[in-house]
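What follows is the content of structure.txt (compact mmCIF, C-alpha atoms and all ligand atoms).
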```txt
# COMPACT_ATOMS: atom_id res chain seq x y z
CA MET D 1 14.49 32.36 -26.71
CA ARG D 2 13.30 32.65 -23.12
CA ARG D 3 10.54 30.12 -23.90
CA VAL D 4 13.11 27.63 -25.33
CA THR D 5 15.20 27.85 -22.13
CA ALA D 6 12.16 27.31 -19.93
CA PHE D 7 11.16 24.26 -22.01
CA LYS D 8 14.66 22.83 -21.75
CA MET D 9 14.60 23.18 -17.97
CA ILE D 10 11.30 21.28 -17.76
CA ALA D 11 12.65 18.58 -20.11
CA ASP D 12 15.79 18.23 -17.99
CA LEU D 13 13.71 17.81 -14.84
CA SER D 14 11.60 15.08 -16.39
CA PRO D 15 12.86 11.61 -15.31
CA CYS D 16 14.35 9.28 -17.91
CA ALA D 17 12.07 6.57 -19.30
CA ASP D 18 13.76 3.84 -17.26
CA ALA D 19 13.33 5.56 -13.88
CA PRO D 20 11.15 3.17 -11.86
CA LEU D 21 8.19 3.49 -9.57
CA LEU D 22 9.21 2.21 -6.14
CA PHE D 23 6.57 0.41 -4.08
CA PHE D 24 7.14 -0.21 -0.38
CA ASP D 25 5.35 -2.37 2.19
CA SER D 26 6.27 -4.65 5.09
CA GLY D 27 5.39 -7.67 2.92
CA ILE D 28 3.28 -8.50 -0.13
CA GLY D 29 0.28 -6.31 0.84
CA GLY D 30 1.41 -3.58 -1.53
CA LEU D 31 0.64 -5.88 -4.46
CA SER D 32 -3.01 -4.85 -4.01
CA VAL D 33 -1.91 -1.31 -4.90
CA LEU D 34 0.59 -2.36 -7.56
CA ARG D 35 -2.10 -4.26 -9.49
CA LYS D 36 -4.14 -1.06 -9.98
CA VAL D 37 -1.09 0.98 -10.95
CA GLN D 38 0.11 -1.66 -13.41
CA ALA D 39 -3.34 -1.74 -15.03
CA ALA D 40 -3.04 2.02 -15.64
CA LEU D 41 0.69 2.16 -16.48
CA PRO D 42 1.61 -1.25 -17.93
CA PHE D 43 5.12 -0.25 -19.09
CA ALA D 44 6.20 1.43 -15.86
CA PRO D 45 9.43 -0.12 -14.55
CA ILE D 46 8.71 -1.46 -11.06
CA ILE D 47 10.77 -1.97 -7.93
CA TYR D 48 8.78 -3.62 -5.15
CA ALA D 49 10.42 -3.46 -1.72
CA ALA D 50 9.23 -5.63 1.18
CA ASP D 51 10.60 -5.15 4.68
CA TYR D 52 10.35 -8.79 5.71
CA ALA D 53 13.05 -8.34 8.34
CA ALA D 54 10.51 -6.27 10.33
CA MET D 55 7.14 -7.67 9.18
CA PRO D 56 4.51 -7.37 10.67
CA TYR D 57 4.53 -3.62 11.16
CA GLY D 58 1.15 -3.66 12.87
CA THR D 59 2.50 -4.91 16.18
CA ARG D 60 5.48 -2.54 16.27
CA SER D 61 5.75 0.76 18.11
CA GLU D 62 5.28 4.18 16.53
CA SER D 63 8.88 5.16 17.27
CA GLU D 64 10.25 2.03 15.59
CA ILE D 65 8.22 2.61 12.39
CA ALA D 66 8.96 6.35 12.36
CA ALA D 67 12.70 5.66 12.48
CA ARG D 68 12.83 2.58 10.26
CA VAL D 69 10.70 3.53 7.25
CA PRO D 70 12.42 6.81 6.25
CA ALA D 71 15.85 5.22 6.72
CA LEU D 72 15.00 2.23 4.51
CA LEU D 73 13.39 4.40 1.85
CA GLY D 74 16.49 6.59 1.82
CA ARG D 75 18.66 3.53 1.07
CA LEU D 76 16.21 2.26 -1.56
CA ALA D 77 16.02 5.66 -3.26
CA GLU D 78 19.80 5.82 -3.41
CA ARG D 79 20.05 2.34 -4.94
CA TYR D 80 17.18 2.50 -7.46
CA ARG D 81 16.75 6.24 -8.19
CA PRO D 82 12.92 6.05 -8.49
CA ARG D 83 10.87 8.80 -10.13
CA LEU D 84 8.17 8.29 -7.48
CA ILE D 85 7.73 6.32 -4.26
CA ILE D 86 4.45 4.67 -3.35
CA ILE D 87 4.26 3.67 0.31
CA ALA D 88 1.72 0.88 -0.10
CA CYS D 89 1.27 0.40 3.64
CA ASN D 90 -1.31 2.10 5.85
CA THR D 91 0.67 1.43 9.03
CA ALA D 92 3.82 3.07 7.67
CA CYS D 93 1.88 6.03 6.24
CA THR D 94 -0.33 6.85 9.22
CA ILE D 95 2.83 6.94 11.35
CA ALA D 96 5.71 8.01 9.12
CA LEU D 97 4.46 9.67 5.90
CA SER D 98 5.46 13.17 6.99
CA HIS D 99 8.90 11.97 8.14
CA VAL D 100 9.52 10.32 4.76
CA ARG D 101 8.42 13.40 2.84
CA ALA D 102 10.67 15.57 4.98
CA ALA D 103 13.66 13.27 4.44
CA LEU D 104 13.41 12.63 0.69
CA ASN D 105 13.49 14.88 -2.32
CA ILE D 106 11.25 12.57 -4.40
CA PRO D 107 7.45 12.69 -4.72
CA VAL D 108 5.84 10.23 -2.30
CA VAL D 109 2.30 8.85 -2.62
CA GLY D 110 0.89 7.43 0.60
CA THR D 111 -1.83 4.91 1.45
CA VAL D 112 -4.23 5.79 4.26
CA PRO D 113 -7.61 4.30 5.23
CA ALA D 114 -10.28 5.24 2.65
CA ILE D 115 -12.58 6.97 5.15
CA LYS D 116 -13.65 9.73 2.74
CA PRO D 117 -15.03 7.43 -0.02
CA ALA D 118 -16.54 5.10 2.60
CA ALA D 119 -18.40 8.03 4.19
CA ALA D 120 -19.73 8.96 0.75
CA ALA D 121 -20.86 5.37 0.09
CA THR D 122 -22.52 4.35 3.39
CA LYS D 123 -26.30 4.47 3.63
CA SER D 124 -26.60 3.40 7.27
CA GLY D 125 -23.91 5.80 8.54
CA VAL D 126 -22.07 2.87 10.19
CA ILE D 127 -18.64 2.21 8.68
CA GLY D 128 -16.17 -0.48 9.68
CA LEU D 129 -12.41 -0.04 9.56
CA LEU D 130 -10.22 -3.13 9.47
CA GLY D 131 -6.56 -2.31 9.86
CA THR D 132 -3.51 -3.29 11.82
CA ALA D 133 -3.51 -2.64 15.56
CA ALA D 134 -1.04 0.20 14.97
CA THR D 135 -3.07 1.86 12.22
CA ILE D 136 -6.42 1.94 13.99
CA ARG D 137 -4.99 3.78 17.01
CA GLN D 138 -3.30 6.58 15.03
CA ALA D 139 -4.21 10.26 15.41
CA TYR D 140 -4.04 10.37 11.60
CA VAL D 141 -7.15 8.15 11.54
CA ASP D 142 -8.88 10.32 14.19
CA GLN D 143 -8.27 13.29 11.90
CA LEU D 144 -9.64 11.52 8.81
CA GLN D 145 -12.73 10.61 10.84
CA ALA D 146 -13.16 14.20 12.06
CA ASP D 147 -12.70 15.57 8.53
CA PHE D 148 -14.90 13.15 6.57
CA ALA D 149 -17.11 11.07 8.87
CA ALA D 150 -17.75 13.30 11.87
CA ASN D 151 -21.48 12.55 12.03
CA MET D 152 -21.10 8.80 11.45
CA ARG D 153 -20.10 5.74 13.46
CA LEU D 154 -16.63 4.46 12.61
CA LEU D 155 -16.10 1.03 14.14
CA ARG D 156 -12.41 0.10 14.26
CA HIS D 157 -10.94 -3.37 14.58
CA GLY D 158 -7.30 -4.47 14.49
CA ALA D 159 -6.96 -7.75 12.58
CA PRO D 160 -3.34 -8.95 12.55
CA GLU D 161 -4.43 -12.48 11.64
CA LEU D 162 -5.54 -11.21 8.22
CA VAL D 163 -2.00 -10.02 7.45
CA HIS D 164 -0.63 -13.52 7.94
CA ALA D 165 -3.55 -15.08 6.07
CA ALA D 166 -2.90 -12.83 3.04
CA GLU D 167 0.80 -13.71 3.11
CA ALA D 168 -0.10 -17.41 3.25
CA LYS D 169 -2.58 -17.07 0.38
CA LEU D 170 0.09 -15.56 -1.86
CA ARG D 171 2.42 -18.44 -0.98
CA GLY D 172 -0.30 -20.70 -2.39
CA GLU D 173 -1.57 -21.92 1.01
CA ALA D 174 -5.25 -22.32 1.95
CA VAL D 175 -6.94 -19.53 3.92
CA ASP D 176 -8.82 -20.55 7.08
CA PRO D 177 -12.32 -19.00 6.65
CA ASN D 178 -12.59 -18.61 10.45
CA ILE D 179 -9.90 -15.91 10.31
CA CYS D 180 -12.07 -13.75 8.03
CA ALA D 181 -15.20 -14.49 10.06
CA ARG D 182 -13.40 -13.39 13.27
CA ALA D 183 -12.33 -10.11 11.66
CA ILE D 184 -15.89 -9.31 10.54
CA ASP D 185 -17.24 -10.30 13.98
CA GLY D 186 -14.77 -7.89 15.56
CA LEU D 187 -16.71 -5.09 13.84
CA LYS D 188 -20.23 -6.50 14.01
CA GLN D 189 -20.07 -7.15 17.73
CA GLN D 190 -19.44 -3.49 18.53
CA ARG D 191 -22.31 -1.12 19.31
CA ASP D 192 -24.32 -0.42 16.08
CA GLY D 193 -22.37 -3.21 14.36
CA GLU D 194 -25.57 -4.80 13.09
CA ASN D 195 -26.07 -1.69 10.85
CA LEU D 196 -22.64 -1.91 9.25
CA ASP D 197 -22.92 -1.57 5.47
CA ILE D 198 -19.38 -0.74 4.36
CA VAL D 199 -15.97 -1.94 5.49
CA ILE D 200 -12.74 -0.09 4.76
CA LEU D 201 -9.83 -2.41 4.09
CA GLY D 202 -7.30 -0.19 5.87
CA CYS D 203 -4.31 -2.46 5.43
CA THR D 204 -2.97 -3.20 1.97
CA HIS D 205 -2.84 -6.93 2.74
CA PHE D 206 -6.61 -7.11 3.19
CA PRO D 207 -7.84 -6.52 -0.41
CA LEU D 208 -5.91 -9.70 -1.26
CA LEU D 209 -8.55 -11.48 0.88
CA GLN D 210 -11.57 -9.52 -0.30
CA ALA D 211 -13.39 -12.57 -1.72
CA GLU D 212 -12.97 -14.45 1.57
CA LEU D 213 -14.02 -11.42 3.64
CA ALA D 214 -17.08 -10.84 1.41
CA HIS D 215 -18.09 -14.44 2.02
CA ALA D 216 -18.00 -13.76 5.78
CA ALA D 217 -20.04 -10.55 5.44
CA PRO D 218 -22.91 -10.92 2.97
CA GLY D 219 -24.56 -7.63 2.02
CA VAL D 220 -21.61 -5.53 3.16
CA GLY D 221 -19.56 -3.46 0.69
CA PHE D 222 -15.75 -3.21 0.79
CA ILE D 223 -13.57 -0.26 -0.11
CA ASP D 224 -9.83 0.41 -0.23
CA GLY D 225 -7.58 3.20 -1.43
CA SER D 226 -5.82 1.49 -4.34
CA ALA D 227 -7.88 3.00 -7.21
CA GLY D 228 -7.31 6.51 -5.82
CA ILE D 229 -3.59 5.85 -5.52
CA ALA D 230 -3.40 4.66 -9.15
CA ARG D 231 -5.14 7.89 -10.23
CA ARG D 232 -2.69 9.95 -8.16
CA VAL D 233 0.33 8.15 -9.64
CA CYS D 234 -0.99 8.76 -13.17
CA HIS D 235 -1.54 12.42 -12.35
CA LEU D 236 1.94 12.92 -10.88
CA THR D 237 3.66 11.21 -13.82
CA GLU D 238 1.55 12.75 -16.55
CA GLY D 239 3.65 13.70 -19.59
CA GLN D 240 6.65 11.65 -18.42
CA LYS D 241 8.39 9.13 -20.69
CA TRP D 242 8.02 5.36 -20.21
CA PRO D 243 9.86 2.46 -21.87
CA ARG D 244 8.26 1.06 -25.05
CA VAL D 245 8.36 -2.52 -23.75
CA ARG D 246 7.63 -4.09 -20.37
CA SER D 247 10.85 -4.93 -18.56
CA PRO D 248 11.09 -7.41 -15.64
CA GLY D 249 10.42 -5.80 -12.27
CA ILE D 250 12.60 -6.26 -9.19
CA PHE D 251 11.44 -7.66 -5.84
CA VAL D 252 13.80 -6.46 -3.12
CA THR D 253 13.57 -7.74 0.43
CA THR D 254 15.23 -6.94 3.74
CA GLY D 255 14.67 -10.60 4.67
CA ASP D 256 16.27 -13.69 3.22
CA LEU D 257 15.96 -14.54 -0.45
CA THR D 258 14.99 -18.18 0.09
CA SER D 259 11.86 -17.13 2.01
CA ALA D 260 11.05 -14.51 -0.64
CA GLN D 261 11.12 -17.18 -3.32
CA ARG D 262 8.07 -18.84 -1.74
CA TYR D 263 6.07 -15.95 -3.28
CA GLN D 264 7.54 -16.48 -6.73
CA ALA D 265 4.34 -17.71 -8.43
CA ALA D 266 2.35 -14.70 -7.18
CA LEU D 267 5.14 -12.25 -7.99
CA THR D 268 5.44 -13.57 -11.55
CA ILE D 269 1.87 -12.40 -12.19
CA PHE D 270 3.10 -8.87 -11.41
CA ASN D 271 6.15 -9.35 -13.65
CA LEU D 272 8.42 -9.15 -10.56
CA LEU D 273 10.98 -11.61 -11.86
CA ARG D 274 14.28 -10.53 -10.30
CA PHE D 275 15.00 -10.98 -6.59
CA GLU D 276 17.44 -8.82 -4.67
CA ARG D 277 18.33 -8.27 -1.03
CA LEU D 278 18.65 -4.86 0.64
N1 LIG E 301 0.34 -3.91 4.70
C1 LIG E 301 0.51 -3.13 5.85
C2 LIG E 301 -0.55 -2.04 6.03
O1 LIG E 301 -1.12 -1.60 5.05
C3 LIG E 301 1.10 -3.66 7.12
C4 LIG E 301 0.89 -5.07 7.55
C5 LIG E 301 1.81 -5.42 8.69
O2 LIG E 301 3.02 -5.56 8.42
O3 LIG E 301 1.33 -5.53 9.83
O4 LIG E 301 -0.81 -1.60 7.10
```
Produce structure tokens that represent the structure in this file.
Amino acid sequence: MRRVTAFKMIADLSPCADAPLLFFDSGIGGLSVLRKVQAALPFAPIIYAADYAAMPYGTRSESEIAARVPALLGRLAERYRPRLIIIACNTACTIALSHVRAALNIPVVGTVPAIKPAAAATKSGVIGLLGTAATIRQAYVDQLQADFAANMRLLRHGAPELVHAAEAKLRGEAVDPNICARAIDGLKQQRDGENLDIVILGCTHFPLLQAELAHAAPGVGFIDGSAGIARRVCHLTEGQKWPRVRSPGIFVTTGDLTSAQRYQAALTIFNLLRFERL
């Protein structure tokens, strides 16, 4: 009898099949994380939230991000009742992850620069980190370096141009190869840069430009956190129910809907077919 009651409590706590996964980023960068999660959980209902009213995050102050992100996620959680939130933004996470976790009673998966796997993969001991200007200066990154790459060289470079280039690419516009070359040069021109053998894409926008970046850096490997995040999401939702068919996902923006529709072709690939405004 006691066992039946315990089982019922667990069943009651389990989210209903329609409860979505909520992805959050300043713009479309989080699609690089969503694509890995969708490959693993194809029937998961998806809400993708983009804070276009405040994009780019990388040039904003710590206090602005720390106040804005938990407040927005609170409103989104109230509207969409997600089973899990994925903050698919390194800038937001390295600044505000602990604030969000403290404010919300929902599991939150964060995205932070993949320093640990990069340290395991480098042969030369020289690792590059491309991120936003805000991300690369965070104490959170200093701590990751101290924990996982203490005896290595971590070259950091803030590359805001790549954020805009990734946004443009997903609107169907051409990417200027000089932008990628400048980002790689920003690492290679630092001391020991000639020995760089692995680059961490520490902004979720950047994997969307991986082919273009690889062209600018022959012989260099690239790494990002999206595969690890997909594994974490699967682990946290293990045993939960999902719908039997794939339903259209929702793209919600803090910006205007007309601008959001310029991404429609790219968003359709991710089955994000409905547009809403927060
Ligand atoms: N995609 C974001 C990140 O991972 C932020 C880009 C921006 O808005 O500057 O850091």
### Message
Around ligand LIG 301 (chain E), out to 6 Å and counting all atoms listed in the file, which residues are there? I want them as an MDAnalysis selection string.
### Response
chainID D and resid 25:26 29 55:58 89:91 132 163 203:205
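Among the candidates D:Glu238, D:Phe270, D:Ile115, D:Ala139, the one nearest to Phe222 of chain D when counting all atoms listed in the file is D:Ile115.
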### Query
Taking (-14.1, 1.9, 7.3) in the file's coordinates, which residues come within 6 Å, counting all atoms listed in the file, written as a PyMOL selection string?
chain D and resi 115+127-129+199-200
Residues within 10 Å of Glu62 of chain D, please, as a PDB file with C-alpha atoms, keeping the file's coordinate frame. Count only C-alpha atoms; anything in the same chain fewer than 3 positions from it doesn't count.
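The resulting file, result-v6.pdb, is reproduced below:
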```pdb
ATOM      1  CA  TYR D  57       4.530  -3.620  11.160  1.00  0.00           C
ATOM      2  CA  GLY D  58       1.150  -3.660  12.870  1.00  0.00           C
ATOM      3  CA  THR D  59       2.500  -4.910  16.180  1.00  0.00           C
ATOM      4  CA  ILE D  65       8.220   2.610  12.390  1.00  0.00           C
ATOM      5  CA  ALA D  66       8.960   6.350  12.360  1.00  0.00           C
ATOM      6  CA  ALA D  67      12.700   5.660  12.480  1.00  0.00           C
ATOM      7  CA  ARG D  68      12.830   2.580  10.260  1.00  0.00           C
ATOM      8  CA  THR D  91       0.670   1.430   9.030  1.00  0.00           C
ATOM      9  CA  ALA D  92       3.820   3.070   7.670  1.00  0.00           C
ATOM     10  CA  THR D  94      -0.330   6.850   9.220  1.00  0.00           C
ATOM     11  CA  ILE D  95       2.830   6.940  11.350  1.00  0.00           C
ATOM     12  CA  ALA D  96       5.710   8.010   9.120  1.00  0.00           C
ATOM     13  CA  ALA D 134      -1.040   0.200  14.970  1.00  0.00           C
ATOM     14  CA  THR D 135      -3.070   1.860  12.220  1.00  0.00           C
ATOM     15  CA  GLN D 138      -3.300   6.580  15.030  1.00  0.00           C
TER      16      GLN D 138
END
```
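Between atom CA of Asp224 of chain D and atom CA of Tyr80 of chain D lies a distance of 28.0 Å.
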### Task
Provide the atom CA of Arg83 of chain D to atom CA of Lys116 of chain D distance in Å, to one decimal place.
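Straight-line distance from atom CA of Arg83 of chain D to atom CA of Lys116 of chain D works out to 27.7 Å.
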### Separation of atom CA of Pro45 of chain D from atom CA of Leu162 of chain D, in Å and rounded to one decimal
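Between these atoms lies a distance of 29.4 Å.
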Surrounding residues of Lys36 of chain D excluding itself and chain neighbours under 2 positions, 7 Å, only C-alpha atoms, as a compact mmCIF listing (two decimals) with C-alpha atoms, in the frame of the given file:
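In the end it all went to out_36.txt:
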```
# COMPACT_ATOMS: atom_id res chain seq x y z
CA VAL D 33 -1.91 -1.31 -4.90
CA LEU D 34 0.59 -2.36 -7.56
CA GLN D 38 0.11 -1.66 -13.41
CA ALA D 39 -3.34 -1.74 -15.03
CA ALA D 40 -3.04 2.02 -15.64
CA SER D 226 -5.82 1.49 -4.34
CA ALA D 227 -7.88 3.00 -7.21
CA ALA D 230 -3.40 4.66 -9.15
```
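The neighbours of Ala120 of chain D here are the residues that come within 12 Å of it, using all atoms listed in the file and leaving out any residue fewer than 3 positions away in the same chain; they are D:Ala114, D:Ile115, D:Lys116, D:Pro117, D:Lys123, D:Ser124, D:Gly125, D:Val126, D:Ile127, D:Phe148, D:Ala149, D:Asn151, D:Met152, D:Asp197, D:Ile198, D:Ile223.
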Would you save the residues from that selection as a PDB file, in the coordinates of the input, using C-alpha atoms?
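Final output, saved to selection_19.pdb:
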```pdb
ATOM      1  CA  ALA D 114     -10.280   5.240   2.650  1.00  0.00           C
ATOM      2  CA  ILE D 115     -12.580   6.970   5.150  1.00  0.00           C
ATOM      3  CA  LYS D 116     -13.650   9.730   2.740  1.00  0.00           C
ATOM      4  CA  PRO D 117     -15.030   7.430  -0.020  1.00  0.00           C
ATOM      5  CA  LYS D 123     -26.300   4.470   3.630  1.00  0.00           C
ATOM      6  CA  SER D 124     -26.600   3.400   7.270  1.00  0.00           C
ATOM      7  CA  GLY D 125     -23.910   5.800   8.540  1.00  0.00           C
ATOM      8  CA  VAL D 126     -22.070   2.870  10.190  1.00  0.00           C
ATOM      9  CA  ILE D 127     -18.640   2.210   8.680  1.00  0.00           C
ATOM     10  CA  PHE D 148     -14.900  13.150   6.570  1.00  0.00           C
ATOM     11  CA  ALA D 149     -17.110  11.070   8.870  1.00  0.00           C
ATOM     12  CA  ASN D 151     -21.480  12.550  12.030  1.00  0.00           C
ATOM     13  CA  MET D 152     -21.100   8.800  11.450  1.00  0.00           C
ATOM     14  CA  ASP D 197     -22.920  -1.570   5.470  1.00  0.00           C
ATOM     15  CA  ILE D 198     -19.380  -0.740   4.360  1.00  0.00           C
ATOM     16  CA  ILE D 223     -13.570  -0.260  -0.110  1.00  0.00           C
TER      17      ILE D 223
END
```
### Query
Can you list, as a VMD selection string, every protein, DNA or RNA residue that comes within 10 Å of Leu72 of chain D when you count only C-alpha atoms, leaving out same-chain residues fewer than 4 positions away?
chain D and resid 24 49 51 67 to 68 76 to 78 100 254 278
Given the point (12.4, 5.0, -5.7) in the coordinates of this file, which residues lie within 6 Å, counting all atoms listed in the file, and how would they look as a PDB file with C-alpha atoms, keeping the file's coordinate frame?
```
ATOM      1  CA  LEU D  21       8.190   3.490  -9.570  1.00  0.00           C
ATOM      2  CA  LEU D  22       9.210   2.210  -6.140  1.00  0.00           C
ATOM      3  CA  ALA D  77      16.020   5.660  -3.260  1.00  0.00           C
ATOM      4  CA  TYR D  80      17.180   2.500  -7.460  1.00  0.00           C
ATOM      5  CA  ARG D  81      16.750   6.240  -8.190  1.00  0.00           C
ATOM      6  CA  PRO D  82      12.920   6.050  -8.490  1.00  0.00           C
ATOM      7  CA  LEU D  84       8.170   8.290  -7.480  1.00  0.00           C
ATOM      8  CA  ILE D  85       7.730   6.320  -4.260  1.00  0.00           C
TER       9      ILE D  85
END
```
